[in-house]
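*Asks:* Got entry07.cif for you, mmCIF, N, CA and C atoms:
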```cif
data_entry
loop_
_atom_site.label_atom_id
_atom_site.label_comp_id
_atom_site.auth_asym_id
_atom_site.auth_seq_id
_atom_site.Cartn_x
_atom_site.Cartn_y
_atom_site.Cartn_z
N MET Q 1 94.96 125.93 62.87
CA MET Q 1 95.93 125.49 63.87
C MET Q 1 95.66 124.00 64.13
N ASN Q 2 96.73 123.23 64.15
CA ASN Q 2 96.52 121.80 64.36
C ASN Q 2 96.21 121.50 65.82
N TYR Q 3 95.56 120.37 66.07
CA TYR Q 3 95.03 120.03 67.39
C TYR Q 3 96.12 119.92 68.45
N LYS Q 4 97.27 119.31 68.13
CA LYS Q 4 98.36 119.17 69.11
C LYS Q 4 98.90 120.53 69.53
N VAL Q 5 99.06 121.43 68.58
CA VAL Q 5 99.54 122.77 68.89
C VAL Q 5 98.54 123.49 69.78
N PHE Q 6 97.26 123.34 69.47
CA PHE Q 6 96.21 123.96 70.27
C PHE Q 6 96.24 123.44 71.71
N CYS Q 7 96.37 122.11 71.87
CA CYS Q 7 96.42 121.52 73.21
C CYS Q 7 97.64 121.99 73.97
N LEU Q 8 98.79 122.04 73.32
CA LEU Q 8 100.01 122.50 73.97
C LEU Q 8 99.87 123.96 74.40
N LEU Q 9 99.30 124.79 73.55
CA LEU Q 9 99.08 126.19 73.89
C LEU Q 9 98.12 126.30 75.08
N ALA Q 10 97.07 125.51 75.09
CA ALA Q 10 96.12 125.53 76.21
C ALA Q 10 96.80 125.12 77.50
N ILE Q 11 97.64 124.10 77.45
CA ILE Q 11 98.36 123.65 78.65
C ILE Q 11 99.29 124.74 79.13
N ALA Q 12 100.01 125.37 78.20
CA ALA Q 12 100.93 126.45 78.58
C ALA Q 12 100.19 127.60 79.24
N LEU Q 13 99.02 127.93 78.73
CA LEU Q 13 98.23 129.01 79.33
C LEU Q 13 97.72 128.63 80.72
N ILE Q 14 97.32 127.39 80.89
CA ILE Q 14 96.85 126.93 82.20
C ILE Q 14 97.98 126.99 83.21
N VAL Q 15 99.14 126.47 82.83
CA VAL Q 15 100.29 126.47 83.74
C VAL Q 15 100.71 127.90 84.05
N GLY Q 16 100.77 128.74 83.04
CA GLY Q 16 101.19 130.12 83.24
C GLY Q 16 100.22 130.96 84.04
N SER Q 17 98.94 130.67 83.92
CA SER Q 17 97.95 131.49 84.61
C SER Q 17 97.71 131.06 86.05
N SER Q 18 98.08 129.85 86.39
CA SER Q 18 97.86 129.39 87.76
C SER Q 18 99.14 129.55 88.57
N SER Q 19 99.22 130.63 89.31
CA SER Q 19 100.43 130.89 90.08
C SER Q 19 100.46 130.11 91.37
N PHE Q 20 99.31 129.72 91.88
CA PHE Q 20 99.26 128.95 93.11
C PHE Q 20 98.33 127.76 92.96
N VAL Q 21 98.80 126.61 93.37
CA VAL Q 21 98.00 125.40 93.39
C VAL Q 21 98.13 124.82 94.79
N HIS Q 22 97.02 124.76 95.51
CA HIS Q 22 97.03 124.26 96.89
C HIS Q 22 98.03 125.03 97.74
N GLY Q 23 98.13 126.34 97.55
CA GLY Q 23 99.00 127.15 98.39
C GLY Q 23 100.46 127.10 98.00
N GLN Q 24 100.83 126.37 96.96
CA GLN Q 24 102.20 126.30 96.53
C GLN Q 24 102.32 126.87 95.13
N LYS Q 25 103.50 127.39 94.83
CA LYS Q 25 103.74 127.91 93.49
C LYS Q 25 103.80 126.77 92.49
N ALA Q 26 103.22 126.99 91.32
CA ALA Q 26 103.32 126.00 90.25
C ALA Q 26 104.76 126.00 89.73
N PRO Q 27 105.25 124.87 89.27
CA PRO Q 27 106.61 124.82 88.74
C PRO Q 27 106.74 125.77 87.55
N ASN Q 28 107.90 126.40 87.44
CA ASN Q 28 108.12 127.31 86.33
C ASN Q 28 108.75 126.58 85.15
N GLU Q 29 108.91 127.28 84.04
CA GLU Q 29 109.42 126.67 82.81
C GLU Q 29 110.82 126.08 83.00
N LEU Q 30 111.67 126.76 83.73
CA LEU Q 30 113.02 126.26 83.97
C LEU Q 30 112.99 124.96 84.78
N GLN Q 31 112.12 124.90 85.78
CA GLN Q 31 112.02 123.69 86.60
C GLN Q 31 111.48 122.52 85.79
N CYS Q 32 110.72 122.80 84.74
CA CYS Q 32 110.12 121.74 83.92
C CYS Q 32 110.95 121.38 82.69
N SER Q 33 112.06 122.08 82.47
CA SER Q 33 112.89 121.77 81.30
C SER Q 33 113.87 120.65 81.66
N ILE Q 34 113.34 119.43 81.63
CA ILE Q 34 114.10 118.24 81.98
C ILE Q 34 114.12 117.32 80.76
N ALA Q 35 115.29 116.78 80.43
CA ALA Q 35 115.40 115.87 79.30
C ALA Q 35 114.45 114.69 79.49
N PRO Q 36 113.82 114.23 78.42
CA PRO Q 36 112.85 113.14 78.53
C PRO Q 36 113.37 111.91 79.27
N PHE Q 37 114.62 111.55 79.07
CA PHE Q 37 115.16 110.34 79.71
C PHE Q 37 115.50 110.56 81.19
N SER Q 38 115.45 111.82 81.66
CA SER Q 38 115.77 112.13 83.06
C SER Q 38 114.53 112.38 83.91
N ARG Q 39 113.37 112.29 83.33
CA ARG Q 39 112.13 112.59 84.05
C ARG Q 39 111.79 111.50 85.07
N VAL Q 40 111.25 111.93 86.21
CA VAL Q 40 110.79 111.00 87.24
C VAL Q 40 109.26 111.08 87.28
N ASN Q 41 108.61 109.96 87.10
CA ASN Q 41 107.16 109.88 86.98
C ASN Q 41 106.45 110.48 88.20
N CYS Q 42 105.44 111.30 87.93
CA CYS Q 42 104.67 111.95 88.99
C CYS Q 42 103.19 111.58 88.93
N GLY Q 43 102.82 110.73 87.99
CA GLY Q 43 101.40 110.40 87.88
C GLY Q 43 101.18 109.02 87.30
N GLU Q 44 99.95 108.56 87.41
CA GLU Q 44 99.58 107.26 86.90
C GLU Q 44 99.36 107.35 85.38
N PRO Q 45 99.41 106.21 84.68
CA PRO Q 45 99.14 106.23 83.24
C PRO Q 45 97.77 106.85 82.95
N GLY Q 46 97.72 107.68 81.93
CA GLY Q 46 96.47 108.31 81.53
C GLY Q 46 96.14 109.59 82.29
N ILE Q 47 97.04 110.07 83.15
CA ILE Q 47 96.79 111.31 83.89
C ILE Q 47 96.63 112.47 82.91
N THR Q 48 95.72 113.35 83.22
CA THR Q 48 95.51 114.52 82.36
C THR Q 48 96.46 115.64 82.77
N ALA Q 49 96.60 116.63 81.90
CA ALA Q 49 97.45 117.78 82.21
C ALA Q 49 96.95 118.49 83.47
N ASP Q 50 95.64 118.65 83.60
CA ASP Q 50 95.08 119.33 84.78
C ASP Q 50 95.38 118.57 86.06
N GLN Q 51 95.23 117.25 86.02
CA GLN Q 51 95.50 116.43 87.21
C GLN Q 51 96.98 116.50 87.58
N CYS Q 52 97.83 116.48 86.59
CA CYS Q 52 99.28 116.55 86.81
C CYS Q 52 99.66 117.88 87.45
N ILE Q 53 99.13 118.96 86.92
CA ILE Q 53 99.44 120.30 87.43
C ILE Q 53 98.90 120.46 88.85
N GLU Q 54 97.75 119.86 89.15
CA GLU Q 54 97.20 119.91 90.51
C GLU Q 54 98.14 119.26 91.52
N LYS Q 55 98.96 118.33 91.05
CA LYS Q 55 99.93 117.66 91.93
C LYS Q 55 101.25 118.44 92.01
N ASN Q 56 101.26 119.67 91.44
CA ASN Q 56 102.46 120.51 91.37
C ASN Q 56 103.58 119.86 90.58
N CYS Q 57 103.20 119.15 89.53
CA CYS Q 57 104.17 118.49 88.67
C CYS Q 57 104.14 119.14 87.29
N CYS Q 58 105.09 118.77 86.46
CA CYS Q 58 105.20 119.29 85.10
C CYS Q 58 104.50 118.33 84.14
N PHE Q 59 103.93 118.87 83.08
CA PHE Q 59 103.27 118.06 82.05
C PHE Q 59 103.79 118.48 80.69
N ASN Q 60 104.32 117.51 79.93
CA ASN Q 60 104.81 117.78 78.59
C ASN Q 60 104.59 116.52 77.75
N SER Q 61 103.69 116.60 76.80
CA SER Q 61 103.35 115.44 75.98
C SER Q 61 103.99 115.50 74.59
N MET Q 62 105.00 116.33 74.42
CA MET Q 62 105.63 116.48 73.11
C MET Q 62 106.48 115.26 72.72
N GLU Q 63 106.97 114.51 73.68
CA GLU Q 63 107.76 113.30 73.42
C GLU Q 63 106.86 112.09 73.66
N PRO Q 64 106.39 111.40 72.62
CA PRO Q 64 105.42 110.33 72.81
C PRO Q 64 105.93 109.15 73.65
N ASP Q 65 107.21 108.86 73.65
CA ASP Q 65 107.73 107.71 74.38
C ASP Q 65 108.33 108.09 75.73
N ALA Q 66 108.15 109.32 76.16
CA ALA Q 66 108.71 109.79 77.44
C ALA Q 66 107.59 109.93 78.47
N ILE Q 67 107.98 110.09 79.72
CA ILE Q 67 107.02 110.35 80.80
C ILE Q 67 106.44 111.74 80.58
N TRP Q 68 105.13 111.85 80.61
CA TRP Q 68 104.47 113.14 80.36
C TRP Q 68 104.26 113.94 81.64
N CYS Q 69 103.97 113.29 82.74
CA CYS Q 69 103.75 113.97 84.02
C CYS Q 69 104.93 113.62 84.92
N PHE Q 70 105.73 114.63 85.25
CA PHE Q 70 106.98 114.36 85.96
C PHE Q 70 107.27 115.45 87.00
N TYR Q 71 108.10 115.07 87.98
CA TYR Q 71 108.47 116.01 89.04
C TYR Q 71 109.37 117.11 88.49
N PRO Q 72 109.16 118.34 88.94
CA PRO Q 72 110.02 119.44 88.49
C PRO Q 72 111.38 119.39 89.19
N ARG Q 73 112.32 120.13 88.63
CA ARG Q 73 113.61 120.32 89.30
C ARG Q 73 113.35 121.07 90.59
N PRO Q 74 114.17 120.81 91.61
CA PRO Q 74 114.01 121.59 92.85
C PRO Q 74 114.33 123.05 92.59
N ASN Q 75 113.67 123.92 93.34
CA ASN Q 75 113.93 125.34 93.24
C ASN Q 75 115.32 125.62 93.77
N GLU Q 76 116.06 126.49 93.13
CA GLU Q 76 117.43 126.78 93.53
C GLU Q 76 117.52 127.81 94.66
N GLU Q 77 116.37 128.28 95.16
CA GLU Q 77 116.37 129.27 96.24
C GLU Q 77 116.87 128.66 97.53
N CYS Q 78 117.54 129.46 98.32
CA CYS Q 78 117.97 129.04 99.66
C CYS Q 78 117.01 129.61 100.67
N ASN Q 79 116.34 128.76 101.41
CA ASN Q 79 115.34 129.20 102.38
C ASN Q 79 115.83 129.04 103.80
N LEU Q 80 116.77 129.85 104.20
CA LEU Q 80 117.29 129.77 105.57
C LEU Q 80 116.56 130.71 106.47
#
```
Any chance you could give the structure as structure tokens?
*Replies:*
Amino acid sequence: MNYKVFCLLAIALIVGSSSFVHGQKAPNELQCSIAPFSRVNCGEPGITADQCIEKNCCFNSMEPDAIWCFYPRPNEECNL
């Protein structure tokens, strides 16, 4: 297995296994499916996947020229 695939799989397992970070739900796959050009930066340059996820943000390093740590889409739930 190549190193990039291994890292991506490890990140996916970390995100999937951590249901709560600081008392909040981690962003789900739908919330993190944002086009690379539409991402809003959530971390400083060089942020790791773990640091990004701790901030309740999405991490995707598959696009080398895009923002890797970015804010998720808002949840579509109505909390009245």
*Asks:* Measuring between all atoms listed in the file, which one of Q:Asn41, Q:Gln31, Q:Gln51, Q:Asn56 shows the shortest distance to Cys69 of chain Q?
*Replies:* Q:Asn41
*Asks:* Can you turn the PyMOL selection byres ((chain Q and resi 40) around 5) into a concrete residue list for this file, as a list in words?
*Replies:*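 Applying the PyMOL selection byres ((chain Q and resi 40) around 5) to the structure shown produces Ser38, Arg39, Asn41, Cys42, Phe70 and Tyr71 of chain Q.
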*Asks:* To one decimal place in Å, what is the distance between atom C of Asp50 of chain Q and atom N of Trp68 of chain Q?
*Replies:*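 Here the two named atoms are 13.0 Å from each other.
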*Asks:* Atom CA of Glu44 of chain Q and atom CA of Asn60 of chain Q, how far apart in Å?
*Replies:*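 Separation of atom CA of Asn60 of chain Q and atom CA of Glu44 of chain Q: 14.4 Å.
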*Asks:* So which bits of segment 14-68 of chain Q end up helix (DSSP H, G or I) when you DSSP the backbone, as an mmCIF file with N, CA and C atoms, in the frame of the given file?
*Replies:*
```cif
data_model
loop_
_atom_site.group_PDB
_atom_site.id
_atom_site.type_symbol
_atom_site.label_atom_id
_atom_site.label_comp_id
_atom_site.auth_asym_id
_atom_site.auth_seq_id
_atom_site.Cartn_x
_atom_site.Cartn_y
_atom_site.Cartn_z
ATOM 1 N N ILE Q 14 97.320 127.390 80.890
ATOM 2 C CA ILE Q 14 96.850 126.930 82.200
ATOM 3 C C ILE Q 14 97.980 126.990 83.210
ATOM 4 N N VAL Q 15 99.140 126.470 82.830
ATOM 5 C CA VAL Q 15 100.290 126.470 83.740
ATOM 6 C C VAL Q 15 100.710 127.900 84.050
ATOM 7 N N GLY Q 16 100.770 128.740 83.040
ATOM 8 C CA GLY Q 16 101.190 130.120 83.240
ATOM 9 C C GLY Q 16 100.220 130.960 84.040
ATOM 10 N N SER Q 17 98.940 130.670 83.920
ATOM 11 C CA SER Q 17 97.950 131.490 84.610
ATOM 12 C C SER Q 17 97.710 131.060 86.050
ATOM 13 N N GLU Q 29 108.910 127.280 84.040
ATOM 14 C CA GLU Q 29 109.420 126.670 82.810
ATOM 15 C C GLU Q 29 110.820 126.080 83.000
ATOM 16 N N LEU Q 30 111.670 126.760 83.730
ATOM 17 C CA LEU Q 30 113.020 126.260 83.970
ATOM 18 C C LEU Q 30 112.990 124.960 84.780
ATOM 19 N N GLN Q 31 112.120 124.900 85.780
ATOM 20 C CA GLN Q 31 112.020 123.690 86.600
ATOM 21 C C GLN Q 31 111.480 122.520 85.790
ATOM 22 N N CYS Q 32 110.720 122.800 84.740
ATOM 23 C CA CYS Q 32 110.120 121.740 83.920
ATOM 24 C C CYS Q 32 110.950 121.380 82.690
ATOM 25 N N PRO Q 36 113.820 114.230 78.420
ATOM 26 C CA PRO Q 36 112.850 113.140 78.530
ATOM 27 C C PRO Q 36 113.370 111.910 79.270
ATOM 28 N N PHE Q 37 114.620 111.550 79.070
ATOM 29 C CA PHE Q 37 115.160 110.340 79.710
ATOM 30 C C PHE Q 37 115.500 110.560 81.190
ATOM 31 N N SER Q 38 115.450 111.820 81.660
ATOM 32 C CA SER Q 38 115.770 112.130 83.060
ATOM 33 C C SER Q 38 114.530 112.380 83.910
ATOM 34 N N ALA Q 49 96.600 116.630 81.900
ATOM 35 C CA ALA Q 49 97.450 117.780 82.210
ATOM 36 C C ALA Q 49 96.950 118.490 83.470
ATOM 37 N N ASP Q 50 95.640 118.650 83.600
ATOM 38 C CA ASP Q 50 95.080 119.330 84.780
ATOM 39 C C ASP Q 50 95.380 118.570 86.060
ATOM 40 N N GLN Q 51 95.230 117.250 86.020
ATOM 41 C CA GLN Q 51 95.500 116.430 87.210
ATOM 42 C C GLN Q 51 96.980 116.500 87.580
ATOM 43 N N CYS Q 52 97.830 116.480 86.590
ATOM 44 C CA CYS Q 52 99.280 116.550 86.810
ATOM 45 C C CYS Q 52 99.660 117.880 87.450
ATOM 46 N N ILE Q 53 99.130 118.960 86.920
ATOM 47 C CA ILE Q 53 99.440 120.300 87.430
ATOM 48 C C ILE Q 53 98.900 120.460 88.850
ATOM 49 N N GLU Q 54 97.750 119.860 89.150
ATOM 50 C CA GLU Q 54 97.200 119.910 90.510
ATOM 51 C C GLU Q 54 98.140 119.260 91.520
#
```
*Asks:* Quick one: distance from atom C of Ala26 of chain Q to atom CA of Pro64 of chain Q in Å, one decimal?
*Replies:*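 If I compute the distance from atom C of Ala26 of chain Q to atom CA of Pro64 of chain Q, I get 23.1 Å.
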*Asks:* Applied to this file, what does the PyMOL selection byres ((chain Q and resi 32) around 8) return in terms of residues, put as a list in words?
*Replies:*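 With the shown file as input, the PyMOL selection byres ((chain Q and resi 32) around 8) matches Pro27, Asn28, Glu29, Leu30, Gln31, Ser33, Ile34, Ala35, Cys57, Cys58, Phe59, Phe70, Tyr71, Pro72, Arg73 and Pro74 of chain Q.
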